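One file, target36.tsv, is given below (TSV, C-alpha atoms).
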```
chain	number	residue	atom	x	y	z
A	157	ASN	CA	38.31	-12.06	-76.70
A	158	ALA	CA	35.91	-9.92	-78.68
A	159	GLY	CA	37.20	-11.33	-81.98
A	160	VAL	CA	36.41	-8.98	-84.88
A	161	THR	CA	34.26	-5.95	-84.18
A	162	GLN	CA	32.86	-3.40	-86.62
A	163	THR	CA	31.68	0.14	-86.06
A	164	PRO	CA	29.02	1.31	-86.81
A	165	LYS	CA	26.44	-1.48	-87.23
A	166	PHE	CA	24.08	0.64	-89.36
A	167	ARG	CA	24.45	3.88	-91.25
A	168	VAL	CA	22.41	5.92	-93.71
A	169	LEU	CA	24.25	8.40	-95.90
A	170	LYS	CA	23.22	10.88	-98.53
A	171	THR	CA	24.90	10.79	-101.92
A	172	GLY	CA	28.21	12.61	-101.78
A	173	GLN	CA	28.73	12.28	-98.04
A	174	SER	CA	31.82	10.60	-96.64
A	175	MET	CA	32.29	8.13	-93.83
A	176	THR	CA	34.77	5.70	-92.32
A	177	LEU	CA	34.03	2.16	-91.23
A	178	LEU	CA	36.20	0.81	-88.44
A	179	CYS	CA	37.25	-2.79	-88.03
A	180	ALA	CA	39.13	-3.97	-84.96
A	181	GLN	CA	40.53	-7.40	-84.07
A	182	ASP	CA	42.12	-8.57	-80.84
A	183	MET	CA	43.65	-11.83	-82.12
A	184	ASN	CA	46.97	-10.34	-83.25
A	185	HIS	CA	46.25	-11.37	-86.85
A	186	GLU	CA	48.51	-10.12	-89.63
A	187	TYR	CA	45.95	-10.28	-92.40
A	188	MET	CA	42.79	-8.20	-92.60
A	189	TYR	CA	40.14	-7.87	-95.30
A	190	TRP	CA	37.14	-5.76	-96.27
A	191	TYR	CA	34.31	-7.39	-98.24
A	192	ARG	CA	30.97	-6.14	-99.45
A	193	GLN	CA	27.86	-8.23	-99.94
A	194	ASP	CA	24.96	-7.16	-102.12
A	195	PRO	CA	21.54	-8.82	-101.82
A	196	GLY	CA	21.54	-12.44	-103.02
A	197	MET	CA	25.24	-12.37	-103.82
A	198	GLY	CA	28.39	-13.79	-102.33
A	199	LEU	CA	30.97	-11.58	-100.69
A	200	ARG	CA	33.36	-9.57	-102.87
A	201	LEU	CA	36.76	-8.39	-101.70
A	202	ILE	CA	37.28	-4.62	-101.66
A	203	HIS	CA	40.74	-4.17	-100.13
A	204	TYR	CA	43.01	-6.19	-97.92
A	205	SER	CA	46.14	-5.83	-95.80
A	206	VAL	CA	48.93	-8.30	-95.11
A	207	GLY	CA	50.39	-6.29	-92.25
A	208	GLU	CA	50.57	-2.97	-90.48
A	209	GLY	CA	51.19	-0.15	-92.92
A	210	THR	CA	50.40	-2.20	-96.04
A	211	THR	CA	47.23	-2.33	-98.12
A	212	ALA	CA	46.26	-3.70	-101.51
A	213	LYS	CA	43.29	-3.68	-103.89
A	214	GLY	CA	40.83	-6.52	-104.14
A	215	GLU	CA	38.14	-7.25	-106.73
A	216	VAL	CA	36.04	-4.08	-106.32
A	217	PRO	CA	38.24	-1.27	-104.91
A	218	ASP	CA	36.82	1.71	-106.82
A	219	GLY	CA	35.28	4.37	-104.60
A	220	TYR	CA	36.95	3.09	-101.44
A	221	ASN	CA	40.18	3.77	-99.58
A	222	VAL	CA	41.71	1.91	-96.65
A	223	SER	CA	44.36	2.38	-94.01
A	224	ARG	CA	46.11	0.03	-91.57
A	225	LEU	CA	48.05	2.31	-89.25
A	226	LYS	CA	47.81	-0.14	-86.35
A	227	LYS	CA	47.95	-3.90	-86.60
A	228	GLN	CA	44.62	-4.36	-84.85
A	229	ASN	CA	42.65	-1.82	-86.89
A	230	PHE	CA	41.63	-1.68	-90.54
A	231	LEU	CA	39.67	1.36	-91.73
A	232	LEU	CA	37.49	1.55	-94.84
A	233	GLY	CA	36.69	5.00	-96.18
A	234	LEU	CA	34.08	6.22	-98.61
A	235	GLU	CA	35.08	9.69	-99.80
A	236	SER	CA	31.93	10.46	-101.79
A	237	ALA	CA	29.20	7.90	-101.23
A	238	ALA	CA	27.05	6.71	-104.15
A	239	PRO	CA	23.81	4.68	-104.12
A	240	SER	CA	25.75	1.79	-105.74
A	241	GLN	CA	27.69	1.49	-102.47
A	242	THR	CA	24.56	0.50	-100.58
A	243	SER	CA	25.57	-2.88	-99.22
A	244	VAL	CA	26.56	-4.88	-96.17
A	245	TYR	CA	30.25	-4.55	-95.38
A	246	PHE	CA	32.14	-7.32	-93.63
A	247	CYS	CA	35.59	-7.17	-92.16
A	248	ALA	CA	37.68	-10.28	-91.57
A	249	SER	CA	41.08	-11.20	-90.17
A	250	SER	CA	43.34	-14.22	-90.46
A	251	ALA	CA	46.64	-15.65	-89.32
A	252	VAL	CA	49.15	-17.84	-91.12
A	253	GLN	CA	48.97	-21.43	-89.90
A	254	ALA	CA	51.12	-24.36	-90.94
A	255	THR	CA	48.07	-26.62	-91.14
A	256	GLY	CA	46.61	-24.51	-93.93
A	257	ARG	CA	43.52	-23.78	-91.86
A	258	ASN	CA	44.04	-20.01	-92.21
A	259	GLU	CA	40.53	-19.46	-90.95
A	260	GLN	CA	39.11	-16.03	-91.64
A	261	PHE	CA	37.19	-14.59	-88.71
A	262	PHE	CA	34.41	-12.26	-89.76
A	263	GLY	CA	32.83	-9.34	-88.00
A	264	PRO	CA	29.05	-8.88	-87.67
A	265	GLY	CA	28.82	-6.50	-90.61
A	266	THR	CA	27.89	-2.87	-91.22
A	267	ARG	CA	24.68	-2.20	-93.09
A	268	LEU	CA	25.11	0.93	-95.19
A	269	THR	CA	22.38	2.66	-97.16
A	270	VAL	CA	23.20	5.53	-99.51
A	271	LEU	CA	20.22	7.62	-100.55
B	45	ASP	CA	42.40	-19.76	-107.56
B	46	ALA	CA	40.26	-22.50	-109.04
B	47	LYS	CA	36.58	-21.89	-109.71
B	48	THR	CA	33.92	-23.90	-107.88
B	49	THR	CA	30.41	-24.93	-108.90
B	50	GLN	CA	27.64	-25.60	-106.37
B	51	PRO	CA	23.91	-26.22	-106.69
B	52	PRO	CA	21.98	-23.06	-105.82
B	53	SER	CA	19.71	-24.70	-103.26
B	54	MET	CA	19.02	-27.91	-101.36
B	55	ASP	CA	16.53	-29.13	-98.80
B	56	CYS	CA	17.18	-31.53	-95.95
B	57	ALA	CA	14.95	-33.04	-93.28
B	58	GLU	CA	15.86	-32.26	-89.70
B	59	GLY	CA	17.92	-35.05	-88.15
B	60	ARG	CA	19.03	-36.42	-91.51
B	61	ALA	CA	22.45	-36.01	-93.08
B	62	ALA	CA	22.91	-33.08	-95.41
B	63	ASN	CA	25.31	-33.74	-98.29
B	64	LEU	CA	26.43	-30.61	-100.12
B	65	PRO	CA	28.40	-31.17	-103.35
B	66	CYS	CA	31.03	-28.95	-104.91
B	67	ASN	CA	32.84	-29.28	-108.22
B	68	HIS	CA	36.35	-27.86	-108.60
B	69	SER	CA	37.69	-29.57	-111.71
B	70	THR	CA	40.55	-27.07	-112.24
B	71	ILE	CA	41.97	-27.36	-108.72
B	72	SER	CA	45.78	-27.25	-108.48
B	73	GLY	CA	47.93	-29.54	-106.39
B	74	ASN	CA	48.63	-26.93	-103.71
B	75	GLU	CA	45.06	-25.66	-103.39
B	76	TYR	CA	42.91	-26.49	-100.40
B	77	VAL	CA	39.15	-26.88	-100.35
B	78	TYR	CA	37.49	-24.67	-97.73
B	79	TRP	CA	33.90	-24.57	-96.61
B	80	TYR	CA	32.26	-21.59	-94.95
B	81	ARG	CA	28.66	-20.93	-94.11
B	82	GLN	CA	26.66	-17.77	-93.62
B	83	ILE	CA	23.64	-17.86	-91.37
B	84	HIS	CA	21.12	-15.19	-92.22
B	85	SER	CA	22.91	-11.82	-92.52
B	86	GLN	CA	25.73	-12.78	-90.18
B	87	GLY	CA	29.40	-12.87	-91.15
B	88	PRO	CA	30.56	-16.13	-92.74
B	89	GLN	CA	31.84	-18.84	-90.44
B	90	TYR	CA	34.60	-21.33	-91.16
B	91	ILE	CA	33.46	-24.97	-91.15
B	92	ILE	CA	36.26	-27.20	-92.39
B	93	HIS	CA	39.05	-27.50	-94.93
B	94	GLY	CA	41.07	-30.22	-96.61
B	95	LEU	CA	43.83	-30.84	-99.12
B	96	LYS	CA	43.39	-34.43	-100.29
B	97	ASN	CA	42.44	-36.56	-97.32
B	98	ASN	CA	38.95	-36.72	-95.88
B	99	GLU	CA	38.54	-34.55	-92.83
B	100	THR	CA	36.16	-34.51	-89.88
B	101	ASN	CA	35.64	-32.05	-87.08
B	102	GLU	CA	32.91	-31.28	-84.57
B	103	MET	CA	30.82	-29.53	-87.17
B	104	ALA	CA	31.10	-31.60	-90.34
B	105	SER	CA	32.94	-34.05	-92.54
B	106	LEU	CA	34.64	-33.27	-95.83
B	107	ILE	CA	34.99	-35.95	-98.47
B	108	ILE	CA	37.38	-35.16	-101.33
B	109	THR	CA	37.47	-37.44	-104.38
B	110	GLU	CA	40.73	-39.12	-105.24
B	111	ASP	CA	41.24	-36.91	-108.31
B	112	ARG	CA	40.36	-33.87	-106.13
B	113	LYS	CA	37.98	-32.55	-108.78
B	114	SER	CA	35.00	-32.57	-106.45
B	115	SER	CA	34.12	-32.71	-102.78
B	116	THR	CA	31.14	-33.15	-100.48
B	117	LEU	CA	30.44	-31.44	-97.20
B	118	ILE	CA	28.45	-33.65	-94.85
B	119	LEU	CA	26.45	-32.37	-91.91
B	120	PRO	CA	25.69	-35.69	-90.19
B	121	HIS	CA	22.53	-34.71	-88.28
B	122	ALA	CA	21.17	-31.47	-89.67
B	123	THR	CA	19.25	-29.18	-87.35
B	124	LEU	CA	17.12	-26.13	-88.09
B	125	ARG	CA	20.08	-23.98	-87.02
B	126	ASP	CA	22.07	-25.38	-89.95
B	127	THR	CA	19.84	-23.49	-92.39
B	128	ALA	CA	22.34	-21.21	-94.13
B	129	VAL	CA	24.23	-20.47	-97.32
B	130	TYR	CA	27.22	-22.79	-97.69
B	131	TYR	CA	30.24	-21.67	-99.68
B	132	CYS	CA	32.85	-23.98	-101.18
B	133	ILE	CA	36.11	-22.12	-101.84
B	134	VAL	CA	39.38	-23.30	-103.32
B	135	ARG	CA	42.66	-21.53	-102.73
B	136	VAL	CA	46.26	-21.99	-101.66
B	137	ALA	CA	47.14	-21.65	-98.00
B	138	LEU	CA	48.26	-18.33	-96.58
B	139	GLY	CA	51.93	-17.56	-96.93
B	140	SER	CA	54.44	-15.15	-98.37
B	141	SER	CA	53.17	-15.75	-101.90
B	142	ASN	CA	49.49	-15.73	-101.11
B	143	THR	CA	47.34	-13.29	-99.25
B	144	GLY	CA	44.52	-15.65	-98.35
B	145	LYS	CA	41.85	-13.84	-100.31
B	146	LEU	CA	38.58	-15.74	-100.38
B	147	ILE	CA	36.62	-15.73	-103.63
B	148	PHE	CA	32.98	-16.32	-102.76
B	149	GLY	CA	30.55	-17.68	-105.33
B	150	GLN	CA	26.82	-17.69	-104.69
B	151	GLY	CA	26.99	-20.87	-102.63
B	152	THR	CA	24.27	-23.38	-101.83
B	153	THR	CA	21.30	-22.31	-99.77
B	154	LEU	CA	20.50	-25.22	-97.47
B	155	GLN	CA	17.02	-25.27	-96.00
B	156	VAL	CA	16.60	-27.71	-93.13
B	157	LYS	CA	12.93	-28.56	-92.67
B	158	PRO	CA	11.20	-29.97	-89.59
```
As structure tokens, the full file:
Amino acid sequence: NAGVTQTPKFRVLKTGQSMTLLCAQDMNHEYMYWYRQDPGMGLRLIHYSVGEGTTAKGEVPDGYNVSRLKKQNFLLGLESAAPSQTSVYFCASSAVQATGRNEQFFGPGTRLTVL
Amino acid sequence: DAKTTQPPSMDCAEGRAANLPCNHSTISGNEYVYWYRQIHSQGPQYIIHGLKNNETNEMASLIITEDRKSSTLILPHATLRDTAVYYCIVRVALGSSNTGKLIFGQGTTLQVKP
């Protein structure tokens, strides 16, 4: 199993450009999440999905859109990139477990710089 | 979800036990305590979780006080590879009424020294 993979690993954008970050998981997890992490800070939730075709806003959703057309994929879009969106983006997935473990599996991250 | 408080940094000698404290005085009865760690720039990694009993796995032990207002993560024999940021997170388990969102604070930076 590859677990959670993210594409691309690095990207540099100019202000106003758009891009899509792809997250894929092969663990058949229902839940998927997008976080961002700024230097010296903890992760903050952008958007999440509790199943195919459903998405919801997290703590910091402004400037981002998401889609979950297939269960294994969760896409994060930036329509008009701004320097404030320079960050490391992490995707995660999770399954419901009776034990309460509900471990979130994280991808390796995408390092995005907006000039 | 209840808020947690952790010291910003700690040092530990290699081979010694690392004890990382976490306060969660507003924890509710159905909230679990989770610990994750993030090793330099990688995605966070699950370590352990507990509800009210002490827990142990191959990575660590979790000690939760009887009133559940605080907990301690114990790495029994810290190695240099345990140098990381450790996050203590409190939330209810995943289910129809909860989406499993993790609220990360700034965590504790553990430096294991030779």
Inset, instruction - Please determine the contact residues of chain B with respect to chain A at a cut-off of 6 Å, counting only C-alpha atoms, and supply them as number ranges by chain. - result: B: 86-87, 137-138, 148-150
Do you know which residues lie at most 12 Å from (8.5, -26.0, -92.1), with coordinates as in the file and only C-alpha atoms counted, and could you write them as a CSV table (one decimal) with C-alpha atoms, in the coordinates of the input?
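Printed below is point-v8.csv as written:
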```
chain,number,residue,atom,x,y,z
B,55,ASP,CA,16.5,-29.1,-98.8
B,56,CYS,CA,17.2,-31.5,-96.0
B,57,ALA,CA,15.0,-33.0,-93.3
B,58,GLU,CA,15.9,-32.3,-89.7
B,124,LEU,CA,17.1,-26.1,-88.1
B,127,THR,CA,19.8,-23.5,-92.4
B,155,GLN,CA,17.0,-25.3,-96.0
B,156,VAL,CA,16.6,-27.7,-93.1
B,157,LYS,CA,12.9,-28.6,-92.7
B,158,PRO,CA,11.2,-30.0,-89.6
```
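Of note, CA of Asn221 (chain A) and CA of Ala238 (chain A) are spaced 14.2 Å apart.
Considering only C-alpha atoms, the residue among B:Ser115, B:His121, B:His68, B:Pro88 positioned nearest to Met103 (chain B) is B:His121.
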Legend entry - Between CA of Gln89 (chain B) and CA of Asn229 (chain A) - distance in Å to one decimal: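 Distance between the two atoms: 20.5 Å.
Taking CA of Ile83 (chain B) and CA of Ala122 (chain B) as endpoints, the distance between them is 13.9 Å.
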Inset, instruction - Tell me which of B:Val136, B:Arg125, B:Tyr130, B:Leu146 sits closest to Met54 (chain B), counting only C-alpha atoms. - result: B:Tyr130
Legend entry - Residues near Ser53 (chain B), cut-off 10 Å, all atoms listed in the file, skip fewer than 2 positions along chain, as a list in words: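 Listing them by chain and then by number gives Gln50, Pro51, Asp55, Leu64, Val129, Tyr130, Gly151, Thr152, Thr153, Leu154 and Gln155 of chain B.
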Legend entry - Nearby residues (all atoms listed in the file) at most 6 Å from region 160-174 of chain A, same-chain spacing under 4 positions excluded, as a PyMOL selection string: chain A and resi 178-181+234-238+263+266-271
Restricting it to C-alpha atoms, dump the selection as a PDB file, in the coordinates of the input.
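See part25.pdb below for the written result:
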```pdb
ATOM      1  CA  LEU A 178      36.200   0.810 -88.440  1.00  0.00           C
ATOM      2  CA  CYS A 179      37.250  -2.790 -88.030  1.00  0.00           C
ATOM      3  CA  ALA A 180      39.130  -3.970 -84.960  1.00  0.00           C
ATOM      4  CA  GLN A 181      40.530  -7.400 -84.070  1.00  0.00           C
ATOM      5  CA  LEU A 234      34.080   6.220 -98.610  1.00  0.00           C
ATOM      6  CA  GLU A 235      35.080   9.690 -99.800  1.00  0.00           C
ATOM      7  CA  SER A 236      31.930  10.460-101.790  1.00  0.00           C
ATOM      8  CA  ALA A 237      29.200   7.900-101.230  1.00  0.00           C
ATOM      9  CA  ALA A 238      27.050   6.710-104.150  1.00  0.00           C
ATOM     10  CA  GLY A 263      32.830  -9.340 -88.000  1.00  0.00           C
ATOM     11  CA  THR A 266      27.890  -2.870 -91.220  1.00  0.00           C
ATOM     12  CA  ARG A 267      24.680  -2.200 -93.090  1.00  0.00           C
ATOM     13  CA  LEU A 268      25.110   0.930 -95.190  1.00  0.00           C
ATOM     14  CA  THR A 269      22.380   2.660 -97.160  1.00  0.00           C
ATOM     15  CA  VAL A 270      23.200   5.530 -99.510  1.00  0.00           C
ATOM     16  CA  LEU A 271      20.220   7.620-100.550  1.00  0.00           C
TER      17      LEU A 271
END
```
Could you give me, as a PDB file with C-alpha atoms, in the coordinates of the input, the residues within 7 Å of Asn98 (chain B), counting only C-alpha atoms and dropping anything in the same chain fewer than 4 positions from it?
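out-v1.pdb written:
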```pdb
ATOM      1  CA  GLY B  94      41.070 -30.220 -96.610  1.00  0.00           C
ATOM      2  CA  LEU B 106      34.640 -33.270 -95.830  1.00  0.00           C
ATOM      3  CA  ILE B 107      34.990 -35.950 -98.470  1.00  0.00           C
ATOM      4  CA  ILE B 108      37.380 -35.160-101.330  1.00  0.00           C
TER       5      ILE B 108
END
```
Inset, instruction - Using all atoms listed in the file, determine which residues lie at most 9 Å from Gly207 (chain A), disregarding the query and same-chain residues fewer than 3 positions distant; provide the list as a list in words. - result: His185, Glu186, Tyr187, Met188, Thr210, Thr211, Arg224, Lys226 and Lys227 of chain A
Legend entry - Nearest to Ala61 (chain B), chosen from B:Ile118, B:Ile91, B:Val134, B:Ala104, with only C-alpha atoms counted in the distances: B:Ile118
Inset, instruction - Do a neighbour search on Lys96 (chain B) at 12 Å with all atoms listed in the file, toss out local chain neighbours closer than 5 positions, and write the hits as a ChimeraX atom specification. - result: /B:71-78,106-115
